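Visitor: Got coords_10.csv for you, CSV, C-alpha atoms and all ligand atoms:
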```
chain,number,residue,atom,x,y,z
D,2,MET,CA,-37.2,-36.4,18.5
D,3,ILE,CA,-40.2,-37.6,16.5
D,4,VAL,CA,-43.7,-36.8,17.9
D,5,LEU,CA,-46.8,-38.6,16.8
D,6,GLY,CA,-49.6,-36.0,16.7
D,7,ILE,CA,-53.3,-37.0,16.8
D,8,GLU,CA,-56.2,-34.6,16.1
D,9,SER,CA,-60.0,-35.2,16.2
D,10,SER,CA,-61.5,-32.0,17.6
D,11,CYS,CA,-64.0,-31.3,14.8
D,12,ASP,CA,-64.6,-33.0,11.4
D,13,GLU,CA,-61.1,-34.1,10.5
D,14,THR,CA,-59.4,-37.2,11.8
D,15,ALA,CA,-55.7,-36.6,11.5
D,16,ALA,CA,-52.3,-38.1,12.5
D,17,ALA,CA,-48.8,-37.0,11.7
D,18,LEU,CA,-45.1,-37.6,12.5
D,19,VAL,CA,-43.0,-34.4,13.0
D,20,GLU,CA,-39.3,-34.3,13.8
D,21,ASP,CA,-38.1,-31.8,16.4
D,22,GLY,CA,-41.2,-29.7,16.0
D,23,ARG,CA,-40.3,-28.5,12.6
D,24,LYS,CA,-40.0,-31.2,9.9
D,25,ILE,CA,-43.1,-33.1,8.7
D,26,CYS,CA,-42.3,-36.8,8.1
D,27,SER,CA,-45.9,-37.6,7.3
D,28,SER,CA,-49.3,-35.9,7.7
D,29,VAL,CA,-52.6,-37.8,7.1
D,30,VAL,CA,-56.0,-36.0,7.2
D,31,ALA,CA,-59.3,-37.9,6.7
D,32,SER,CA,-61.9,-35.2,6.2
D,33,GLN,CA,-65.6,-35.9,7.0
D,34,VAL,CA,-66.8,-32.8,5.2
D,35,ASP,CA,-68.7,-34.8,2.5
D,36,ARG,CA,-70.7,-36.6,5.2
D,37,HIS,CA,-71.8,-33.4,6.9
D,38,ARG,CA,-72.5,-31.3,3.8
D,39,VAL,CA,-76.1,-32.6,3.5
D,40,PHE,CA,-76.8,-31.2,7.0
D,41,GLY,CA,-75.4,-27.8,6.3
D,42,GLY,CA,-72.8,-28.1,9.1
D,43,VAL,CA,-71.0,-30.6,11.4
D,44,VAL,CA,-73.3,-33.0,13.2
D,45,PRO,CA,-71.4,-33.8,16.5
D,46,GLU,CA,-72.6,-37.4,16.9
D,47,ILE,CA,-71.9,-38.3,13.3
D,48,ALA,CA,-68.4,-36.7,13.7
D,49,SER,CA,-67.6,-38.8,16.8
D,50,ARG,CA,-68.7,-42.0,15.1
D,51,LEU,CA,-66.7,-41.2,11.9
D,52,HIS,CA,-63.6,-40.5,14.1
D,53,SER,CA,-64.0,-43.9,15.8
D,54,GLU,CA,-64.1,-45.6,12.4
D,55,ALA,CA,-61.1,-43.7,11.0
D,56,ILE,CA,-58.6,-43.3,13.8
D,57,VAL,CA,-56.8,-46.6,13.7
D,58,GLY,CA,-56.3,-46.5,9.9
D,59,VAL,CA,-55.2,-42.8,10.0
D,60,VAL,CA,-52.6,-43.4,12.7
D,61,ARG,CA,-51.3,-46.5,11.0
D,62,GLU,CA,-51.0,-44.6,7.7
D,63,ALA,CA,-49.1,-41.8,9.3
D,64,LEU,CA,-46.5,-44.3,10.7
D,65,ASP,CA,-46.3,-46.1,7.3
D,66,GLN,CA,-46.0,-42.9,5.2
D,67,GLY,CA,-43.3,-41.6,7.6
D,68,GLY,CA,-41.5,-44.9,7.3
D,69,ARG,CA,-41.3,-45.2,11.1
D,70,ALA,CA,-42.2,-47.8,13.7
D,71,LEU,CA,-43.9,-46.8,16.9
D,72,ARG,CA,-40.7,-47.5,18.8
D,73,GLU,CA,-38.9,-44.7,16.9
D,74,VAL,CA,-41.5,-42.2,18.2
D,75,GLY,CA,-40.5,-40.2,21.3
D,76,ALA,CA,-43.9,-38.9,22.4
D,77,ILE,CA,-47.6,-38.9,21.5
D,78,ALA,CA,-49.3,-35.5,21.3
D,79,VAL,CA,-53.1,-35.3,21.3
D,80,THR,CA,-55.6,-32.4,21.0
D,81,TYR,CA,-57.6,-32.4,24.2
D,82,ALA,CA,-59.3,-29.0,23.9
D,83,PRO,CA,-61.2,-27.0,22.6
D,84,GLY,CA,-63.7,-28.7,20.3
D,85,LEU,CA,-66.7,-31.0,20.1
D,86,ILE,CA,-66.5,-33.1,23.2
D,87,GLY,CA,-67.4,-36.5,21.7
D,88,ALA,CA,-65.0,-35.9,18.8
D,89,LEU,CA,-62.1,-34.9,21.1
D,90,LEU,CA,-62.8,-38.0,23.3
D,91,VAL,CA,-62.1,-40.3,20.4
D,92,GLY,CA,-58.6,-38.9,19.9
D,93,VAL,CA,-57.8,-38.6,23.6
D,94,ASN,CA,-58.9,-42.1,24.5
D,95,PHE,CA,-57.1,-43.6,21.5
D,96,ALA,CA,-53.9,-41.7,22.4
D,97,LYS,CA,-54.2,-42.8,26.1
D,98,GLY,CA,-54.5,-46.4,25.1
D,99,LEU,CA,-51.5,-46.1,22.7
D,100,ALA,CA,-49.4,-44.4,25.3
D,101,LEU,CA,-50.3,-47.0,27.9
D,102,SER,CA,-49.5,-49.9,25.6
D,103,SER,CA,-46.3,-48.4,24.2
D,104,GLY,CA,-45.0,-46.8,27.4
D,105,LEU,CA,-44.5,-43.5,25.5
D,106,PRO,CA,-45.2,-40.1,27.2
D,107,LEU,CA,-48.5,-38.5,26.4
D,108,VAL,CA,-48.6,-34.7,25.8
D,109,PRO,CA,-51.8,-32.7,25.9
D,110,VAL,CA,-52.1,-30.0,23.2
D,111,HIS,CA,-54.5,-27.1,22.9
D,112,HIS,CA,-56.0,-27.1,19.4
D,113,LEU,CA,-55.4,-23.3,18.9
D,114,ARG,CA,-51.8,-23.6,20.1
D,115,GLY,CA,-51.5,-26.2,17.4
D,116,HIS,CA,-52.8,-23.7,14.8
D,117,VAL,CA,-50.1,-21.2,15.9
D,118,ALA,CA,-47.5,-24.0,15.5
D,119,SER,CA,-48.5,-24.5,11.9
D,120,ASN,CA,-46.2,-21.5,11.3
D,121,TYR,CA,-43.2,-23.3,12.8
D,122,LEU,CA,-43.7,-26.0,10.2
D,123,THR,CA,-43.9,-23.5,7.3
D,124,SER,CA,-41.2,-21.1,8.5
D,125,PRO,CA,-38.3,-23.0,10.2
D,126,GLY,CA,-36.7,-19.6,11.2
D,127,LEU,CA,-39.8,-18.4,13.1
D,128,GLU,CA,-39.3,-18.2,16.9
D,129,PRO,CA,-41.3,-16.4,19.6
D,130,PRO,CA,-41.9,-13.7,20.5
D,131,PHE,CA,-44.4,-12.7,17.8
D,132,LEU,CA,-48.0,-11.6,17.5
D,133,CYS,CA,-50.5,-14.1,16.0
D,134,LEU,CA,-53.9,-13.6,14.6
D,135,VAL,CA,-55.7,-16.9,15.3
D,136,VAL,CA,-58.8,-17.1,13.1
D,137,SER,CA,-60.7,-20.4,12.9
D,138,GLY,CA,-64.3,-21.6,12.7
D,139,GLY,CA,-64.8,-21.2,16.5
D,140,HIS,CA,-62.3,-18.5,17.6
D,141,SER,CA,-60.9,-15.1,16.6
D,142,HIS,CA,-58.0,-14.1,18.9
D,143,ILE,CA,-55.1,-11.7,18.8
D,144,VAL,CA,-52.4,-13.6,20.7
D,145,GLN,CA,-49.1,-12.5,22.0
D,146,VAL,CA,-46.9,-15.6,21.6
D,147,GLU,CA,-44.3,-14.8,24.3
D,148,ASP,CA,-42.8,-18.2,24.2
D,149,TYR,CA,-43.7,-21.6,22.7
D,150,THR,CA,-45.9,-22.4,25.7
D,151,ARG,CA,-46.6,-18.9,27.1
D,152,LEU,CA,-49.4,-17.2,25.2
D,153,ARG,CA,-51.5,-14.2,26.1
D,154,VAL,CA,-54.8,-13.1,24.5
D,155,LEU,CA,-54.8,-9.4,23.7
D,156,GLY,CA,-58.2,-9.3,21.9
D,157,ARG,CA,-61.0,-11.7,21.0
D,158,THR,CA,-64.3,-11.8,19.3
D,159,ARG,CA,-67.4,-10.8,21.3
D,160,ASP,CA,-69.8,-12.9,19.2
D,161,ASP,CA,-69.1,-14.9,16.0
D,162,ALA,CA,-65.7,-16.1,15.1
D,163,ALA,CA,-64.3,-15.0,11.7
D,164,GLY,CA,-64.8,-18.4,10.1
D,165,GLU,CA,-68.3,-18.7,11.6
D,166,ALA,CA,-69.1,-15.2,10.1
D,167,PHE,CA,-68.0,-16.4,6.7
D,168,ASP,CA,-69.9,-19.6,7.0
D,169,LYS,CA,-73.2,-18.0,8.2
D,170,ALA,CA,-73.2,-15.3,5.5
D,171,ALA,CA,-72.4,-17.9,2.9
D,172,ARG,CA,-75.3,-20.0,4.1
D,173,ALA,CA,-77.7,-17.0,3.9
D,174,MET,CA,-76.6,-16.5,0.3
D,175,GLY,CA,-77.3,-20.2,-0.5
D,176,ILE,CA,-73.7,-21.3,-0.8
D,177,PRO,CA,-73.2,-24.9,0.4
D,178,TYR,CA,-71.2,-25.9,3.5
D,179,PRO,CA,-68.3,-25.3,4.2
D,180,GLY,CA,-69.3,-21.8,3.0
D,181,GLY,CA,-66.3,-19.8,4.0
D,182,VAL,CA,-64.1,-21.5,1.5
D,183,GLU,CA,-66.6,-21.2,-1.4
D,184,LEU,CA,-67.4,-17.5,-0.5
D,185,ASP,CA,-63.7,-16.7,-0.8
D,186,LYS,CA,-63.6,-18.3,-4.2
D,187,ILE,CA,-66.7,-16.5,-5.5
D,188,ALA,CA,-65.5,-13.2,-4.0
D,189,GLU,CA,-62.5,-13.3,-6.4
D,190,THR,CA,-64.9,-12.5,-9.3
D,191,GLY,CA,-67.0,-9.8,-7.7
D,192,ASP,CA,-66.9,-6.0,-7.2
D,193,GLU,CA,-66.0,-5.4,-3.6
D,194,THR,CA,-67.3,-1.8,-3.7
D,195,ALA,CA,-70.8,-2.8,-4.9
D,196,TYR,CA,-72.4,-3.1,-1.4
D,197,LYS,CA,-71.9,-0.8,1.5
D,198,LEU,CA,-71.7,-2.7,4.8
D,199,PRO,CA,-71.1,-1.5,8.4
D,200,LYS,CA,-67.7,-1.2,9.9
D,201,PRO,CA,-67.7,-3.4,13.0
D,202,LYS,CA,-66.3,-1.9,16.2
D,203,VAL,CA,-66.5,-2.8,19.9
D,204,ALA,CA,-66.9,0.3,22.1
D,205,GLY,CA,-64.3,0.6,24.8
D,206,ALA,CA,-62.4,-2.5,23.6
D,207,PRO,CA,-60.2,-1.5,20.6
D,208,LEU,CA,-58.6,-4.9,20.2
D,209,ASP,CA,-61.8,-7.0,20.3
D,210,TYR,CA,-63.8,-8.1,17.3
D,211,SER,CA,-67.5,-8.3,16.5
D,212,PHE,CA,-68.9,-9.9,13.4
D,213,SER,CA,-72.5,-10.5,14.1
D,214,GLY,CA,-73.7,-7.0,13.0
D,215,LEU,CA,-72.0,-7.5,9.7
D,216,LYS,CA,-73.6,-10.9,9.2
D,217,THR,CA,-77.0,-9.5,10.1
D,218,ALA,CA,-76.6,-6.6,7.6
D,219,VAL,CA,-76.1,-9.3,4.9
D,220,VAL,CA,-79.1,-11.3,6.0
D,221,ASN,CA,-81.3,-8.1,6.1
D,222,LEU,CA,-80.0,-7.1,2.6
D,223,LEU,CA,-81.0,-10.5,1.2
D,224,HIS,CA,-84.3,-10.4,2.9
D,225,ASN,CA,-85.2,-6.9,1.6
D,226,ALA,CA,-84.1,-7.7,-1.9
D,227,GLY,CA,-86.2,-10.9,-1.8
D,228,GLN,CA,-89.3,-9.0,-0.6
D,229,LYS,CA,-88.9,-6.3,-3.3
D,230,GLY,CA,-88.1,-8.9,-6.0
D,231,GLN,CA,-84.8,-7.3,-6.7
D,232,PRO,CA,-81.8,-9.4,-7.9
D,233,VAL,CA,-78.7,-9.8,-5.7
D,234,ASP,CA,-75.3,-9.8,-7.3
D,235,VAL,CA,-73.9,-12.7,-5.3
D,236,PRO,CA,-70.2,-12.4,-6.4
D,237,ALA,CA,-70.3,-8.7,-5.5
D,238,LEU,CA,-72.0,-9.3,-2.2
D,239,CYS,CA,-69.4,-12.0,-1.4
D,240,ALA,CA,-66.6,-9.6,-2.3
D,241,SER,CA,-68.0,-6.7,-0.3
D,242,TYR,CA,-68.6,-8.9,2.7
D,243,ARG,CA,-65.1,-10.4,2.5
D,244,ARG,CA,-63.6,-7.0,2.2
D,245,ALA,CA,-65.5,-5.8,5.4
D,246,VAL,CA,-64.4,-8.9,7.4
D,247,VAL,CA,-60.8,-8.8,6.3
D,248,ASP,CA,-60.5,-5.0,6.8
D,249,SER,CA,-61.8,-5.5,10.4
D,250,LEU,CA,-59.4,-8.4,11.0
D,251,ALA,CA,-56.4,-6.5,9.6
D,252,ASP,CA,-57.2,-3.0,11.1
D,253,THR,CA,-57.4,-4.5,14.6
D,254,PHE,CA,-54.4,-6.8,14.2
D,255,LEU,CA,-52.2,-4.0,13.0
D,256,LYS,CA,-53.5,-1.8,15.9
D,257,ALA,CA,-52.3,-4.5,18.3
D,258,ALA,CA,-49.0,-4.6,16.5
D,259,ASP,CA,-48.6,-0.8,16.9
D,260,GLN,CA,-49.6,-1.0,20.6
D,261,THR,CA,-47.1,-3.8,21.4
D,262,GLY,CA,-44.4,-2.8,19.0
D,263,ALA,CA,-44.5,-6.2,17.4
D,264,ARG,CA,-42.4,-6.5,14.2
D,265,LYS,CA,-43.1,-10.2,13.6
D,266,LEU,CA,-46.7,-11.1,12.7
D,267,ALA,CA,-48.3,-14.5,12.0
D,268,VAL,CA,-51.7,-15.8,11.1
D,269,ALA,CA,-53.2,-19.2,12.0
D,270,GLY,CA,-56.4,-21.2,11.7
D,271,GLY,CA,-58.7,-22.1,8.9
D,272,VAL,CA,-59.4,-18.5,7.9
D,273,SER,CA,-55.6,-17.9,7.3
D,274,ALA,CA,-56.3,-19.6,3.9
D,275,ASN,CA,-58.5,-16.6,2.9
D,276,ARG,CA,-57.0,-15.1,-0.2
D,277,LEU,CA,-57.8,-11.5,0.6
D,278,LEU,CA,-56.6,-11.8,4.2
D,279,ARG,CA,-53.3,-13.1,3.0
D,280,ARG,CA,-52.9,-10.4,0.3
D,281,GLU,CA,-54.1,-7.6,2.6
D,282,LEU,CA,-51.8,-8.5,5.5
D,283,ALA,CA,-48.8,-8.9,3.1
D,284,LYS,CA,-49.5,-5.5,1.7
D,285,ARG,CA,-49.8,-3.8,5.1
D,286,CYS,CA,-46.8,-5.6,6.6
D,287,HIS,CA,-44.7,-4.7,3.6
D,288,ALA,CA,-45.7,-1.0,3.9
D,289,THR,CA,-44.8,-0.9,7.6
D,290,GLY,CA,-41.6,-3.0,7.3
D,291,ARG,CA,-43.0,-5.9,9.4
D,292,GLU,CA,-42.3,-9.6,8.8
D,293,LEU,CA,-45.4,-11.6,8.0
D,294,TYR,CA,-45.6,-15.4,8.5
D,295,LEU,CA,-48.4,-17.4,6.9
D,296,PRO,CA,-48.9,-21.2,7.1
D,297,ASP,CA,-48.7,-23.2,3.8
D,298,LEU,CA,-52.3,-23.7,2.6
D,299,PRO,CA,-52.5,-27.5,3.5
D,300,LEU,CA,-51.6,-26.5,7.1
D,301,CYS,CA,-54.2,-23.7,7.5
D,302,GLY,CA,-57.1,-26.2,8.2
D,303,ASP,CA,-57.1,-28.8,10.9
D,304,ASN,CA,-54.3,-31.3,10.7
D,305,ALA,CA,-52.1,-33.3,13.1
D,306,ALA,CA,-48.7,-32.0,12.0
D,307,MET,CA,-49.4,-28.8,13.8
D,308,ILE,CA,-50.4,-30.8,17.0
D,309,ALA,CA,-47.2,-32.8,16.8
D,310,SER,CA,-45.2,-29.6,16.4
D,311,GLN,CA,-46.8,-27.8,19.4
D,312,GLY,CA,-46.6,-31.2,21.2
D,313,TYR,CA,-42.8,-31.2,20.8
D,314,TYR,CA,-42.5,-27.7,22.5
D,315,GLU,CA,-45.0,-28.7,25.2
D,316,PHE,CA,-42.9,-31.8,25.8
D,317,LEU,CA,-39.7,-29.7,26.1
D,318,ALA,CA,-41.6,-27.5,28.7
D,319,GLY,CA,-42.3,-30.6,30.7
D,320,ASN,CA,-46.1,-30.9,30.0
D,321,ARG,CA,-47.3,-34.5,30.3
D,322,ALA,CA,-50.7,-36.1,30.7
D,323,GLY,CA,-51.6,-39.2,32.7
D,324,SER,CA,-54.3,-41.8,32.2
D,325,SER,CA,-56.8,-39.4,33.7
D,326,LEU,CA,-56.5,-36.9,30.8
D,327,ASN,CA,-60.0,-35.7,29.8
D,328,ALA,CA,-61.3,-33.7,26.8
D,329,CYS,CA,-62.5,-30.1,27.4
D,330,ALA,CA,-65.0,-28.5,25.0
D,331,GLN,CA,-63.7,-25.0,26.0
D,332,ARG,CA,-60.4,-23.9,27.4
D,333,SER,CA,-58.3,-20.8,27.1
D,334,ILE,CA,-55.3,-20.8,24.8
D,335,GLU,CA,-53.4,-19.3,27.8
D,336,ALA,CA,-54.0,-22.2,30.1
X,401,LIG,O1,-59.3,-24.0,11.9
X,401,LIG,P1,-60.4,-24.7,11.2
X,401,LIG,O2,-60.1,-25.6,10.0
X,401,LIG,O3,-61.3,-25.4,12.1
X,401,LIG,C1,-61.5,-24.9,13.4
X,401,LIG,O4,-60.7,-25.1,14.3
X,401,LIG,O5,-62.6,-24.2,13.6
X,401,LIG,O6,-61.3,-23.5,10.6
X,401,LIG,C2,-62.4,-23.7,9.9
X,401,LIG,C3,-63.0,-22.4,9.4
X,401,LIG,C4,-64.4,-22.6,8.8
X,401,LIG,O7,-65.3,-21.6,9.3
X,401,LIG,C5,-64.1,-22.3,7.3
X,401,LIG,O8,-65.2,-21.8,6.6
X,401,LIG,C6,-63.0,-21.3,7.4
X,401,LIG,O9,-62.2,-21.8,8.5
X,401,LIG,N1,-62.2,-21.2,6.2
X,401,LIG,C7,-62.2,-20.0,5.4
X,401,LIG,C8,-61.4,-20.3,4.3
X,401,LIG,N2,-60.9,-21.6,4.4
X,401,LIG,C9,-61.5,-22.1,5.6
X,401,LIG,N3,-62.8,-18.9,5.6
X,401,LIG,C10,-62.6,-17.9,4.7
X,401,LIG,N4,-61.8,-18.1,3.6
X,401,LIG,C11,-61.2,-19.3,3.3
X,401,LIG,N5,-60.5,-19.5,2.3
X,402,ZN,ZN,-58.9,-25.7,13.9
```
What does the file become when written as structure tokens?
Guide:
Amino acid sequence: MIVLGIESSCDETAAALVEDGRKICSSVVASQVDRHRVFGGVVPEIASRLHSEAIVGVVREALDQGGRALREVGAIAVTYAPGLIGALLVGVNFAKGLALSSGLPLVPVHHLRGHVASNYLTSPGLEPPFLCLVVSGGHSHIVQVEDYTRLRVLGRTRDDAAGEAFDKAARAMGIPYPGGVELDKIAETGDETAYKLPKPKVAGAPLDYSFSGLKTAVVNLLHNAGQKGQPVDVPALCASYRRAVVDSLADTFLKAADQTGARKLAVAGGVSANRLLRRELAKRCHATGRELYLPDLPLCGDNAAMIASQGYYEFLAGNRAGSSLNACAQRSIEA
């Protein structure tokens, strides 16, 4: 069955056709990043307006590129949560209208479940159960994927998400938005042992994350250097900071794997594109005889193929939305 996926939760308008949850027929992503860069971050109202302008063309292009007519589609899957409410509403309302006019079933998809499903597209052999590190701009979760539609959160961030931590530190260093991507590139050329940064820990919650102290340490370091007129080695600071964040992500994720006995590990969300995170987890999984699944780079960021993939499994589980479907800014991946 072919599912049409629609995604508009943040600053990417996307549509895709995916067959049986695994094979991408088409995937179209219209990024707004150039329009938000001047503001140093996503401006919600501008995002909503740009989604409205783009969505019809993006869905049409996904159908054209996939060489399918709407009557060959079996269901419409749409991201309904979490994200920017005005942005989500554009996709949700468009999908509702399309479902109503075509008579196709409408399937609501949680954005983070979609990120997890990006691994089903990259690795056709991957099936639950597995443990997934979900690291995006707004969330950092360690998730037990018990089944395609049964997920349990074992650990989460207490403050900043991993992507947010990268973006905020990058911003403090004067690196333009979206900073996380750029920081990762610059870090490749720096000495990661040059700056000593704290090791984040959450007392009494060994599977939780905390990144705000690390970010503050970088801000203070820059401030002190500025006051004393001392130069900052930006590539080395990027590299040291990336090392600290990645070690924290990997240490805790592997601890969760030890505790649960998981042998299959996956990573999902925008930060899964991070070069050091990919290398570090590959090294540690190899050393402990675990299987590691990583999404292909074009599937790490927001896209609609992952929504169509998860939508297929939600459809099989009987999940449907009616004309009263609403968008939710916040909702647990477990719900
Ligand atoms: O999943 P995503 O595309 O959007 C959300 O659902 O939030 O994640 C975006 C986040 C941003 O914070 C971005 O800076 C971060 O992912 N990101 C990276 C890298 N690529 C994207 N962070 C570190 N290294 C990267 N290579
Ligand atoms: Zn995302």
Visitor: Closest to ligand ZN 402 (chain X) among D:Leu326, D:Val93, D:Cys11, D:Cys26, using all atoms listed in the file?
Guide: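 Once distances to ligand ZN 402 (chain X) are computed over all atoms listed in the file, the minimum belongs to D:Cys11.
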Visitor: List all protein, DNA and RNA residues that have an atom no more than 10 Å from any atom of ligand LIG 401 (chain X), counting only C-alpha atoms and all ligand atoms, and report them as a PyMOL selection string.
Guide: chain D and resi 10-13+42+83-84+112-113+115-116+135-141+162-169+171+178-186+188+243+246-247+269-279+298+300-304
Visitor: Looking at D:Met307, D:Val108, D:Val34, D:Gly230, which one is nearest to ligand ZN 402 (chain X), with distances taken over all atoms listed in the file?
Guide: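 With all atoms listed in the file as the atom set, the closest residue is D:Met307.
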Visitor: Using only C-alpha atoms and all ligand atoms, which of D:Leu127, D:Val235, D:Val117, D:Ala173 sits nearest ligand ZN 402 (chain X)?
Guide: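 Checking each candidate against ligand ZN 402 (chain X), we get D:Val117 as the closest.
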Visitor: Within 9 Å of (-38.6, -7.3, 12.3) (file coordinates; all atoms listed in the file), which protein or nucleic acid residues are there? I'd like them as JSON, numbers by chain.
Guide: {"D": [263, 264, 265, 266, 290, 291, 292]}
Visitor: So which residues touch D:Glu147 within 7 Å, counting all atoms listed in the file, skipping near sequence neighbours fewer than 3 positions away, as a PDB file with C-alpha atoms, keeping the file's coordinate frame?
Guide:
```pdb
ATOM      1  CA  PRO D 129     -41.300 -16.400  19.600  1.00  0.00           C
ATOM      2  CA  PRO D 130     -41.900 -13.700  20.500  1.00  0.00           C
ATOM      3  CA  PHE D 131     -44.400 -12.700  17.800  1.00  0.00           C
ATOM      4  CA  ARG D 151     -46.600 -18.900  27.100  1.00  0.00           C
ATOM      5  CA  LEU D 152     -49.400 -17.200  25.200  1.00  0.00           C
TER       6      LEU D 152
END
```
Visitor: So which one's closest to D:Gly58, D:Gln228, D:Ala78, D:Ile176, D:Thr14? Using all atoms listed in the file, please.
Guide: D:Thr14
Visitor: My list of candidates is D:Thr158, D:Ser119, D:Ser27, D:Gln66. Which is closest to ligand ZN 402 (chain X) when distances are computed with all atoms listed in the file?
Guide: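 The shortest atom-to-atom distance to ligand ZN 402 (chain X) comes from D:Ser119.
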Visitor: D:Leu101, D:Gln231, D:Ala305, D:Arg172: which is nearest ligand ZN 402 (chain X), counting all atoms listed in the file?
Guide: D:Ala305
Visitor: For stretch 260-274 of chain D, supply N, CA and C atoms and format the output as a tab-separated table (two decimals), keeping the file's coordinate frame.
Guide:
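Printed below is selection_7.tsv as written:
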```tsv
chain	number	residue	atom	x	y	z
D	260	GLN	N	-49.53	-1.13	19.13
D	260	GLN	CA	-49.60	-1.00	20.60
D	260	GLN	C	-48.44	-1.77	21.28
D	261	THR	N	-48.14	-2.97	20.76
D	261	THR	CA	-47.10	-3.80	21.40
D	261	THR	C	-45.76	-3.64	20.82
D	262	GLY	N	-45.69	-2.94	19.68
D	262	GLY	CA	-44.40	-2.80	19.00
D	262	GLY	C	-43.93	-4.02	18.31
D	263	ALA	N	-44.84	-4.97	18.05
D	263	ALA	CA	-44.50	-6.20	17.40
D	263	ALA	C	-43.99	-6.01	15.98
D	264	ARG	N	-42.88	-6.62	15.63
D	264	ARG	CA	-42.40	-6.50	14.20
D	264	ARG	C	-42.61	-7.81	13.48
D	265	LYS	N	-42.87	-8.90	14.22
D	265	LYS	CA	-43.10	-10.20	13.60
D	265	LYS	C	-44.58	-10.56	13.77
D	266	LEU	N	-45.31	-10.73	12.67
D	266	LEU	CA	-46.70	-11.10	12.70
D	266	LEU	C	-46.98	-12.41	12.05
D	267	ALA	N	-47.89	-13.20	12.61
D	267	ALA	CA	-48.30	-14.50	12.00
D	267	ALA	C	-49.77	-14.63	12.00
D	268	VAL	N	-50.25	-15.51	11.15
D	268	VAL	CA	-51.70	-15.80	11.10
D	268	VAL	C	-51.86	-17.30	11.20
D	269	ALA	N	-52.95	-17.75	11.81
D	269	ALA	CA	-53.20	-19.20	12.00
D	269	ALA	C	-54.66	-19.50	12.01
D	270	GLY	N	-55.01	-20.75	11.73
D	270	GLY	CA	-56.40	-21.20	11.70
D	270	GLY	C	-56.98	-21.24	10.34
D	271	GLY	N	-58.14	-21.89	10.20
D	271	GLY	CA	-58.70	-22.10	8.90
D	271	GLY	C	-58.85	-20.87	8.03
D	272	VAL	N	-59.19	-19.73	8.64
D	272	VAL	CA	-59.40	-18.50	7.90
D	272	VAL	C	-58.07	-17.92	7.36
D	273	SER	N	-56.93	-18.43	7.85
D	273	SER	CA	-55.60	-17.90	7.30
D	273	SER	C	-55.48	-18.36	5.86
D	274	ALA	N	-56.37	-19.25	5.37
D	274	ALA	CA	-56.30	-19.60	3.90
D	274	ALA	C	-57.01	-18.57	3.08
```
